[in-house]
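Encoded as structure tokens, the structure appears first; notes follow it.
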Amino acid sequence: MHRADGYPLHWPTDPHGWLWPPEQQHAWVAEDDEAGLVGHLAVHSSDDETGHEVSRLFVAPTFRRRHVGTALLRQARRWAVDHRVGLTLEVVDRQRSPAVALYERDGWRHTATVTADWTAPDGGPVTLRRYTLG
């Protein structure tokens with residue numbers, strides 16, 4: 001994903017720790033019988049009152065437009081309903097972003113655009129779009 005899309009924006013020094021941080025509450029993967037792992041989504045606890053945050057959502061490029069991301073988001077939504085928590089997410093604000101299109105098509109509501117407290121690989125600012133469900 002990093003080579004194909006630049007996600008994550010900064011390659012982690014500990015990829016395993018990045019995928020399984022202490023704040024992680026739950027995670028799901030999507031698999032294909034022949035290709036293996038084709039998608040991932042995690043839910044992390046949040047430090048504020050916003051509930052829980054969808055994080056680490058990615059789909060292998062050859063499996064996009066096959067509803068893998070939608071299925072993972074819907075699984076997270078069911079988990080949130082079962083656990084009576086709200087869900088939020090943040091995504092890097094890019095022109096014509098497929099991620100933004102996916103979230104908005106799936107019923108997520110854009111609530112804010114903010115500057116991240118971290119920088120892009122070139123040292124420049126990163127703009128994030130924040131979303132909540134419906």
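FYI, nothing fancy with the structure tokens labels: chains A, B, ... in order, residues from 1 per chain, ligands from 1 as they appear.
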
message: To test your reading of the structure, identify every residue in stretch 3-131 of chain A that backbone DSSP assigns to strand (DSSP E), and report it as a ChimeraX atom specification.
response: /A:24-32,36-45,52-59,87-92,108-119,125-131

What would the file look like if the residues just selected were written as a compact mmCIF listing (two decimals), in the first residue's frame with N, CA and C atoms?
# COMPACT_ATOMS: atom_id res chain seq x y z
N GLN A 24 -5.81 -0.14 19.91
CA GLN A 24 -6.68 -0.91 19.01
C GLN A 24 -7.72 -1.70 19.80
N GLN A 25 -8.96 -1.57 19.40
CA GLN A 25 -10.06 -2.30 20.02
C GLN A 25 -10.42 -3.55 19.25
N HIS A 26 -10.38 -3.45 17.93
CA HIS A 26 -10.74 -4.58 17.09
C HIS A 26 -10.20 -4.34 15.69
N ALA A 27 -10.03 -5.40 14.92
CA ALA A 27 -9.59 -5.26 13.53
C ALA A 27 -10.18 -6.41 12.71
N TRP A 28 -10.32 -6.14 11.42
CA TRP A 28 -10.83 -7.14 10.49
C TRP A 28 -9.93 -7.15 9.26
N VAL A 29 -9.85 -8.30 8.62
CA VAL A 29 -9.14 -8.40 7.36
C VAL A 29 -10.09 -8.98 6.32
N ALA A 30 -9.83 -8.67 5.08
CA ALA A 30 -10.54 -9.27 3.96
C ALA A 30 -9.52 -10.14 3.23
N GLU A 31 -9.94 -11.34 2.90
CA GLU A 31 -9.05 -12.27 2.23
C GLU A 31 -9.68 -12.80 0.96
N ASP A 32 -8.83 -13.17 0.04
CA ASP A 32 -9.23 -13.81 -1.19
C ASP A 32 -8.57 -15.18 -1.22
N GLY A 36 -4.86 -14.03 -1.03
CA GLY A 36 -4.55 -13.86 0.39
C GLY A 36 -5.17 -12.59 0.94
N LEU A 37 -4.42 -11.87 1.76
CA LEU A 37 -4.91 -10.64 2.39
C LEU A 37 -5.10 -9.55 1.34
N VAL A 38 -6.33 -9.00 1.27
CA VAL A 38 -6.62 -7.95 0.29
C VAL A 38 -7.16 -6.67 0.93
N GLY A 39 -7.42 -6.70 2.24
CA GLY A 39 -7.91 -5.50 2.90
C GLY A 39 -7.78 -5.60 4.41
N HIS A 40 -7.85 -4.43 5.07
CA HIS A 40 -7.71 -4.36 6.53
C HIS A 40 -8.42 -3.12 7.04
N LEU A 41 -8.99 -3.22 8.22
CA LEU A 41 -9.58 -2.07 8.91
C LEU A 41 -9.47 -2.31 10.40
N ALA A 42 -9.14 -1.28 11.15
CA ALA A 42 -9.06 -1.36 12.61
C ALA A 42 -9.95 -0.29 13.23
N VAL A 43 -10.34 -0.52 14.46
CA VAL A 43 -11.04 0.47 15.27
C VAL A 43 -10.18 0.72 16.49
N HIS A 44 -9.87 1.99 16.71
CA HIS A 44 -9.04 2.40 17.85
C HIS A 44 -9.88 3.20 18.83
N SER A 45 -9.55 3.06 20.11
CA SER A 45 -10.19 3.92 21.10
C SER A 45 -9.63 5.32 20.93
N HIS A 52 -14.90 6.04 19.08
CA HIS A 52 -13.81 5.23 18.54
C HIS A 52 -13.53 5.67 17.10
N GLU A 53 -12.30 5.43 16.66
CA GLU A 53 -11.89 5.90 15.35
C GLU A 53 -11.57 4.73 14.42
N VAL A 54 -12.13 4.79 13.21
CA VAL A 54 -11.76 3.85 12.16
C VAL A 54 -10.36 4.22 11.72
N SER A 55 -9.51 3.23 11.59
CA SER A 55 -8.12 3.48 11.25
C SER A 55 -7.57 2.32 10.43
N ARG A 56 -6.46 2.59 9.78
CA ARG A 56 -5.72 1.55 9.05
C ARG A 56 -6.58 0.84 8.01
N LEU A 57 -7.47 1.58 7.35
CA LEU A 57 -8.28 0.98 6.29
C LEU A 57 -7.49 1.02 4.99
N PHE A 58 -7.28 -0.15 4.42
CA PHE A 58 -6.66 -0.21 3.11
C PHE A 58 -7.17 -1.43 2.36
N VAL A 59 -7.17 -1.30 1.04
CA VAL A 59 -7.58 -2.37 0.14
C VAL A 59 -6.52 -2.48 -0.95
N LEU A 87 -18.48 6.17 15.91
CA LEU A 87 -17.29 6.02 15.09
C LEU A 87 -16.97 7.32 14.37
N THR A 88 -15.69 7.63 14.30
CA THR A 88 -15.19 8.75 13.53
C THR A 88 -14.06 8.23 12.65
N LEU A 89 -13.61 9.06 11.74
CA LEU A 89 -12.41 8.74 10.98
C LEU A 89 -11.80 10.01 10.43
N GLU A 90 -10.53 9.92 10.09
CA GLU A 90 -9.83 11.02 9.44
C GLU A 90 -9.12 10.48 8.21
N VAL A 91 -9.07 11.31 7.18
CA VAL A 91 -8.39 10.91 5.95
C VAL A 91 -7.65 12.13 5.41
N VAL A 92 -6.49 11.88 4.82
CA VAL A 92 -5.73 12.96 4.21
C VAL A 92 -6.58 13.57 3.09
N TRP A 108 -20.92 8.44 5.57
CA TRP A 108 -20.14 9.22 6.53
C TRP A 108 -20.33 10.70 6.21
N ARG A 109 -20.37 11.52 7.27
CA ARG A 109 -20.61 12.95 7.12
C ARG A 109 -19.34 13.73 7.45
N HIS A 110 -18.92 14.58 6.52
CA HIS A 110 -17.74 15.42 6.72
C HIS A 110 -18.08 16.46 7.79
N THR A 111 -17.29 16.51 8.85
CA THR A 111 -17.57 17.42 9.96
C THR A 111 -16.54 18.53 10.13
N ALA A 112 -15.33 18.33 9.63
CA ALA A 112 -14.29 19.34 9.79
C ALA A 112 -13.12 19.05 8.87
N THR A 113 -12.39 20.10 8.58
CA THR A 113 -11.11 19.97 7.88
C THR A 113 -10.08 20.65 8.77
N VAL A 114 -9.03 19.93 9.12
CA VAL A 114 -8.04 20.43 10.08
C VAL A 114 -6.63 20.17 9.56
N THR A 115 -5.67 20.87 10.15
CA THR A 115 -4.27 20.62 9.86
C THR A 115 -3.75 19.62 10.88
N ALA A 116 -3.11 18.56 10.39
CA ALA A 116 -2.57 17.52 11.28
C ALA A 116 -1.45 18.09 12.14
N ASP A 117 -1.21 17.43 13.28
CA ASP A 117 -0.12 17.84 14.15
C ASP A 117 1.19 17.14 13.75
N TRP A 118 1.22 16.57 12.57
CA TRP A 118 2.41 15.95 11.99
C TRP A 118 2.54 16.45 10.55
N THR A 119 3.67 16.21 9.93
CA THR A 119 3.93 16.78 8.61
C THR A 119 4.05 15.70 7.54
N PRO A 125 2.70 20.92 5.63
CA PRO A 125 1.51 20.60 6.42
C PRO A 125 0.64 19.54 5.73
N VAL A 126 -0.12 18.82 6.54
CA VAL A 126 -1.04 17.80 6.05
C VAL A 126 -2.44 18.21 6.47
N THR A 127 -3.35 18.28 5.52
CA THR A 127 -4.74 18.62 5.80
C THR A 127 -5.55 17.33 5.90
N LEU A 128 -6.35 17.23 6.95
CA LEU A 128 -7.17 16.04 7.19
C LEU A 128 -8.64 16.39 7.12
N ARG A 129 -9.43 15.49 6.58
CA ARG A 129 -10.89 15.60 6.59
C ARG A 129 -11.38 14.67 7.70
N ARG A 130 -12.23 15.19 8.58
CA ARG A 130 -12.82 14.39 9.67
C ARG A 130 -14.25 14.02 9.30
N TYR A 131 -14.62 12.81 9.65
CA TYR A 131 -15.96 12.27 9.35
C TYR A 131 -16.56 11.59 10.57

message: Can you pull out the residues contacting stretch 102-107 of chain A? Cut-off 10 Å, using only C-alpha atoms, and skip same-chain residues under 6 positions away; I want them as a list in words.
response: Arg65, His67, Gly69, Thr70, Leu73, Arg74, Leu89, Val91, Tyr131, Thr132, Leu133 and Gly134 of chain A

query: Restricting the calculation to only C-alpha atoms, which member of A:Val85, A:Gln75, A:Ala35, A:Ser46 is positioned closest to A:Pro22?
result: A:Ser46

query: Please, what distance in Å, to one decimal, runs between atom CA of A:Trp79 and atom CA of A:Ala99?
result: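 Between atom CA of A:Trp79 and atom CA of A:Ala99 the gap works out to 20.8 Å.
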